[in-house]
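J.: Quick one: structure below, then a few questions.
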Amino acid sequence: MSETLLIRNGRLLSAADNLDYAPLDILIADGIIRDIGPDLKASNLPEYDAEGDIVSPALIDLHTHIYWGATSLGVNAEHVASRSGTGSFVDAGSAGAGNFLGFREFIAKNSDLRCFAFLNVSFAGIFGFGKSLMVGEGEIDRLLHEESCQQIADENRDLIIGIKVRAGKIAAGENGALAIEIGRRIAEKLDLPLMCHVDAHPPSIQQGLDHLQKGDLLTHCSKPGPNTVVDSHKNAIPELLKAIDRGVLLDIGHGMGGFDFEVCRAMLELGIKPDTISSDIHAQSVDGPAFDQLTALNKLIALGMPVAEAFTACTSNPAKIIGHDELGSLAIGTPADLAVFKWQASPKTFVDAKGQTLDTKRHLVCDRLMVAGRTIGKDGKAVKSES
Ligand SMILES: [Zn+2]
């Protein structure tokens with residue numbers, strides 16, 4: 001059952017609607033946003049006072065691993081949703097063609113959250129990822145099966161919104177850019193974006209970037225060096241600038257090893273901002289250093305990204321990429337996927353993937369998450385309303 005709720009006096013923040021204004025009221029009923037305005041007239045409706053708070057579309061985490069129980073790196077999205085304000089989780093290649101139907105059946109179908117996926121080019125998905133064991137799904141050429149990936153992605157377009165490849169020594173051994181080449185061909189045929197991870201050489205980050213086209217994503221865009229997008233003088237490598245000119249998008253993908261404050265700071269100083277801020281939560285990053293998408297958003301704000309732009313990178317930008325603009329909007333008539341964030345004025349120290357620290361005086365916490373007009377509880381399930 002969807003709820004009726006009047007959220008009063010919030011700072012409504014939604015780039016998709018050119019909206020950044022306080023105080024405004026927002027009325028939710030029948031699972032959609034019914035009305036927006038100052039001092040909405042209503043009587044006998046449940047109200048929520050959001051004075052001083054940010055009310056935004058529910059966050060969309062473009063890089064997660066939520067195929068829990070079936071893949072060793074999976075985490076349960078329900079455990080992080082309400083604390084993060086994340087209503088939509090996009091799994092980034094945990095599943096391949098060989099095990100995608102389990103993602104649909106056991107994860108997406110049963111969730112009160114919205115679940116999407118990038119399909120891994122590797123038939124087995126990410127199958128050998130653990131604390132004491134690491135077998136890259138891109139190491140075995142025979143698993144990089146173009147036809148299977150293309151077929152399953154094409155048959156499941158309601159959930160599969162792109163193709164995922166992991167290249168680099170850790171994920172693909174000596175296979176270099178092979179997975180990227182295959183992934184790009186599939187993406188081209190299906191007109192879907194490619195999300196690309198490049199860890200240690202080979203391939204070089206330059207080679208990786210050169211394969212990407214308009215609308216593709218480089219994830220772990222602020223990862224520690226070597227093999228990263230800024231050189232030792234903190235200048236952007238030319239291949240990055242050319243990629244940005246072509247329309248390649250930059251995704252944070254924090255994870256266990258994918259985010260370096262120094263690299264990110266250098267990029268921001270060069271005027272290069274991430275298009276999407278995602279967590280890359282998985283079994284080895286969800287208890288730190290990544291935690292959740294809101295933590296990543298807070299880190300970007302602490303590094304100097306303007307608050308409104310950081311929210312855009314967590315809402316309307318990922319919404320566009322997954323082909324669901326309506327989920328990144330607060331327009332009247334769109335689904336009531338939204339979140340209320342409060343500023344907490346207390347010192348906090350954030351830690352990146354290298355163990356470097358960053359002190360802040362204030363940060364955001366999520367006070368309420370709604371998906372399709374239903375409040376999501378701490379257990380990640382829609383709260384049963386009395387009405
Ligand atoms: Zn990942």
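Ordered as shown in the structure tokens, chains take letters A, B, and onward, while each chain numbers its residues from 1 and ligands are numbered from 1 in the order shown.
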Got a sec to tell me which of stretch 135-383 of chain A DSSP assigns to helix (DSSP H, G or I), as a ChimeraX atom specification?

T.: /A:141-143,146-155,169-172,178-190,205-211,238-246,261-269,293-302,307-312,316-321,325-328

J.: Show me which residues line ligand 1, defined as having an atom within 9 Å of a ligand atom where only C-alpha atoms and all ligand atoms count, and present them as a VMD selection string.

T.: chain A and resid 63 to 65 91 to 94 166 197 219 to 220 253 to 256 258 279 to 282

J.: If you keep N, CA and C atoms, can you produce a file of those selected residues as a short mmCIF file (atom, residue, chain, number, x, y, z; two decimals), in the first residue's frame?

T.:
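File produced: out_31.cif:
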```cif
data_model
loop_
_atom_site.label_atom_id
_atom_site.label_comp_id
_atom_site.auth_asym_id
_atom_site.auth_seq_id
_atom_site.Cartn_x
_atom_site.Cartn_y
_atom_site.Cartn_z
N HIS A 63 26.66 1.62 -9.26
CA HIS A 63 27.66 0.55 -9.19
C HIS A 63 27.58 -0.12 -7.83
N THR A 64 26.91 -1.27 -7.79
CA THR A 64 26.79 -2.04 -6.55
C THR A 64 26.97 -3.52 -6.88
N HIS A 65 27.01 -4.34 -5.84
CA HIS A 65 27.02 -5.80 -6.04
C HIS A 65 26.01 -6.39 -5.07
N ASP A 91 23.26 -3.34 -10.12
CA ASP A 91 24.35 -4.29 -9.93
C ASP A 91 25.31 -4.16 -11.12
N ALA A 92 26.60 -4.12 -10.81
CA ALA A 92 27.59 -3.88 -11.87
C ALA A 92 28.34 -5.17 -12.20
N GLY A 93 27.64 -6.05 -12.89
CA GLY A 93 28.31 -7.21 -13.46
C GLY A 93 28.55 -8.38 -12.52
N SER A 94 27.83 -8.44 -11.41
CA SER A 94 27.96 -9.65 -10.57
C SER A 94 27.48 -10.86 -11.35
N ARG A 166 35.34 -6.05 -16.74
CA ARG A 166 36.46 -5.76 -15.83
C ARG A 166 37.74 -6.20 -16.53
N HIS A 197 35.82 -1.26 -16.01
CA HIS A 197 36.75 -1.22 -14.88
C HIS A 197 38.13 -1.57 -15.43
N THR A 219 34.41 3.36 -14.67
CA THR A 219 34.16 3.32 -13.24
C THR A 219 35.49 3.29 -12.49
N HIS A 220 35.45 3.52 -11.19
CA HIS A 220 36.67 3.71 -10.38
C HIS A 220 37.50 4.86 -10.97
N GLY A 253 32.43 4.66 -8.25
CA GLY A 253 32.68 3.24 -7.93
C GLY A 253 33.72 3.08 -6.83
N HIS A 254 33.39 3.55 -5.63
CA HIS A 254 34.36 3.62 -4.53
C HIS A 254 34.98 2.27 -4.18
N GLY A 255 34.15 1.35 -3.71
CA GLY A 255 34.60 -0.01 -3.44
C GLY A 255 35.70 -0.12 -2.40
N MET A 256 36.43 -1.21 -2.53
CA MET A 256 37.50 -1.53 -1.58
C MET A 256 38.79 -0.83 -1.99
N GLY A 258 38.91 1.41 -5.04
CA GLY A 258 38.65 2.24 -6.22
C GLY A 258 38.55 3.73 -6.00
N SER A 279 28.73 3.65 -5.06
CA SER A 279 29.43 3.10 -3.90
C SER A 279 30.37 1.94 -4.24
N ASP A 280 30.02 1.12 -5.24
CA ASP A 280 30.66 -0.18 -5.44
C ASP A 280 30.68 -0.97 -4.12
N ILE A 281 29.52 -1.04 -3.47
CA ILE A 281 29.45 -1.87 -2.26
C ILE A 281 29.50 -3.34 -2.65
N HIS A 282 30.29 -4.07 -1.91
CA HIS A 282 30.35 -5.52 -2.04
C HIS A 282 30.82 -6.06 -0.70
#
```

J.: Skipping near chain neighbours, those fewer than 3 positions away, what residues fall within 7 Å of stretch 129-146 of chain A using only C-alpha atoms, listed as a PDB file with C-alpha atoms, in the first residue's frame?

T.:
```
ATOM      1  CA  SER A  72      30.631 -14.345  -3.125  1.00  0.00           C
ATOM      2  CA  LEU A  73      30.929 -10.573  -3.329  1.00  0.00           C
ATOM      3  CA  VAL A 121      30.604 -10.092 -20.492  1.00  0.00           C
ATOM      4  CA  SER A 122      31.941 -13.131 -18.652  1.00  0.00           C
ATOM      5  CA  PHE A 123      29.427 -16.000 -18.758  1.00  0.00           C
ATOM      6  CA  ALA A 124      29.917 -16.774 -15.054  1.00  0.00           C
ATOM      7  CA  GLY A 125      29.762 -13.199 -13.775  1.00  0.00           C
ATOM      8  CA  ILE A 126      32.113 -12.309 -10.918  1.00  0.00           C
ATOM      9  CA  CYS A 149      25.931 -12.082 -23.221  1.00  0.00           C
ATOM     10  CA  GLN A 150      24.226 -10.378 -26.136  1.00  0.00           C
ATOM     11  CA  ARG A 166      36.456  -5.762 -15.825  1.00  0.00           C
ATOM     12  CA  ALA A 167      39.873  -5.498 -17.410  1.00  0.00           C
ATOM     13  CA  ILE A 170      43.496  -8.615 -11.196  1.00  0.00           C
ATOM     14  CA  ALA A 171      40.242  -9.144 -13.082  1.00  0.00           C
ATOM     15  CA  ALA A 172      41.574 -10.441 -16.397  1.00  0.00           C
ATOM     16  CA  GLY A 173      45.139 -11.682 -15.937  1.00  0.00           C
ATOM     17  CA  ASN A 175      44.040 -10.675 -21.316  1.00  0.00           C
ATOM     18  CA  ALA A 179      36.942  -8.080 -22.473  1.00  0.00           C
ATOM     19  CA  ILE A 182      34.021  -7.808 -26.736  1.00  0.00           C
ATOM     20  CA  ILE A 186      27.824  -6.090 -27.634  1.00  0.00           C
TER      21      ILE A 186
END
```

J.: What's the 8 Å shell around stretch 364-377 of chain A, counting only C-alpha atoms, without same-chain residues fewer than 4 positions away, as a ChimeraX atom specification?

T.: /A:1-4,28-32,58,81-87,112-114,294,298,335-344,381-383

J.: Would you put the residues from that selection into a file with C-alpha atoms, as a compact mmCIF listing (two decimals), in the first residue's frame?

T.:
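Final file, out03.txt:
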```txt
# COMPACT_ATOMS: atom_id res chain seq x y z
CA MET A 1 0.00 0.00 0.00
CA SER A 2 1.35 3.40 -0.89
CA GLU A 3 1.12 6.16 1.67
CA THR A 4 -0.28 9.65 1.65
CA ILE A 28 2.76 12.14 -2.06
CA ALA A 29 -0.25 9.93 -2.71
CA ASP A 30 -1.02 6.77 -4.70
CA GLY A 31 2.69 6.14 -5.21
CA ILE A 32 3.32 9.33 -7.12
CA ALA A 58 15.84 8.76 -3.92
CA ALA A 81 19.00 1.29 1.53
CA SER A 82 17.37 3.33 4.29
CA ARG A 83 20.59 4.55 5.89
CA SER A 84 21.85 5.66 2.47
CA GLY A 85 18.66 7.04 0.94
CA THR A 86 19.24 4.78 -2.06
CA GLY A 87 16.04 3.60 -3.74
CA ASP A 112 10.73 -3.44 -2.39
CA LEU A 113 13.70 -1.52 -3.80
CA ARG A 114 14.37 -1.05 -7.49
CA LEU A 294 25.52 8.41 0.85
CA ASN A 298 29.42 12.98 1.61
CA PRO A 335 6.91 7.92 -9.02
CA ALA A 336 7.32 8.98 -5.40
CA ASP A 337 10.91 7.78 -5.05
CA LEU A 338 12.45 10.36 -2.75
CA ALA A 339 14.62 10.80 0.29
CA VAL A 340 14.97 13.34 3.09
CA PHE A 341 18.50 14.17 4.23
CA LYS A 342 19.46 16.04 7.40
CA TRP A 343 22.71 17.86 8.01
CA GLN A 344 24.52 16.53 11.03
CA LYS A 381 11.32 -3.46 3.28
CA ALA A 382 8.35 -1.20 2.70
CA VAL A 383 6.76 -0.30 6.02
```

J.: If we count only C-alpha atoms, what is near A:Ala236 at a cut-off of 12 Å, once residues fewer than 2 positions away on the same chain are taken out, given as a list of chain:residue names?

T.: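 In the requested format, the answer is A:Ile205, A:Gln206, A:Cys221, A:Ser222, A:Thr228, A:Val229, A:Val230, A:Asp231, A:Ser232, A:His233, A:Lys234, A:Pro238, A:Glu239, A:Leu240, A:Leu241, A:Lys242, A:Ala243, A:Ile244, A:Val263, A:Cys264, A:Arg265, A:Ala266, A:Met267, A:Leu268, A:Glu269, A:Leu270, A:Gly271, A:Ile272.
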
J.: Could you save the residues just selected, with C-alpha atoms, as a PDB file, in the first residue's frame?

T.:
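Below is the file part-v6.pdb, written as the result:
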```pdb
ATOM      1  CA  ILE A 205      44.305   3.054 -18.475  1.00  0.00           C
ATOM      2  CA  GLN A 206      45.074   4.851 -21.750  1.00  0.00           C
ATOM      3  CA  CYS A 221      37.491   7.003 -12.127  1.00  0.00           C
ATOM      4  CA  SER A 222      39.395   8.321  -9.095  1.00  0.00           C
ATOM      5  CA  THR A 228      45.031   6.012 -13.126  1.00  0.00           C
ATOM      6  CA  VAL A 229      43.711   9.090 -14.913  1.00  0.00           C
ATOM      7  CA  VAL A 230      46.066  11.702 -13.429  1.00  0.00           C
ATOM      8  CA  ASP A 231      49.840  11.557 -13.796  1.00  0.00           C
ATOM      9  CA  SER A 232      52.462  12.061 -11.093  1.00  0.00           C
ATOM     10  CA  HIS A 233      52.229  15.844 -11.611  1.00  0.00           C
ATOM     11  CA  LYS A 234      48.479  15.681 -11.003  1.00  0.00           C
ATOM     12  CA  PRO A 238      45.431  13.216 -22.549  1.00  0.00           C
ATOM     13  CA  GLU A 239      43.356  10.057 -23.143  1.00  0.00           C
ATOM     14  CA  LEU A 240      41.026  11.108 -20.312  1.00  0.00           C
ATOM     15  CA  LEU A 241      40.452  14.544 -21.802  1.00  0.00           C
ATOM     16  CA  LYS A 242      39.798  13.054 -25.240  1.00  0.00           C
ATOM     17  CA  ALA A 243      37.385  10.526 -23.731  1.00  0.00           C
ATOM     18  CA  ILE A 244      35.471  13.279 -21.919  1.00  0.00           C
ATOM     19  CA  VAL A 263      43.304  11.631  -7.268  1.00  0.00           C
ATOM     20  CA  CYS A 264      39.753  12.903  -6.834  1.00  0.00           C
ATOM     21  CA  ARG A 265      40.960  16.229  -5.422  1.00  0.00           C
ATOM     22  CA  ALA A 266      43.343  16.644  -8.367  1.00  0.00           C
ATOM     23  CA  MET A 267      40.502  15.954 -10.798  1.00  0.00           C
ATOM     24  CA  LEU A 268      38.176  18.435  -9.097  1.00  0.00           C
ATOM     25  CA  GLU A 269      40.939  21.065  -9.152  1.00  0.00           C
ATOM     26  CA  LEU A 270      41.231  20.490 -12.896  1.00  0.00           C
ATOM     27  CA  GLY A 271      37.473  21.018 -13.200  1.00  0.00           C
ATOM     28  CA  ILE A 272      36.821  17.333 -13.935  1.00  0.00           C
TER      29      ILE A 272
END
```
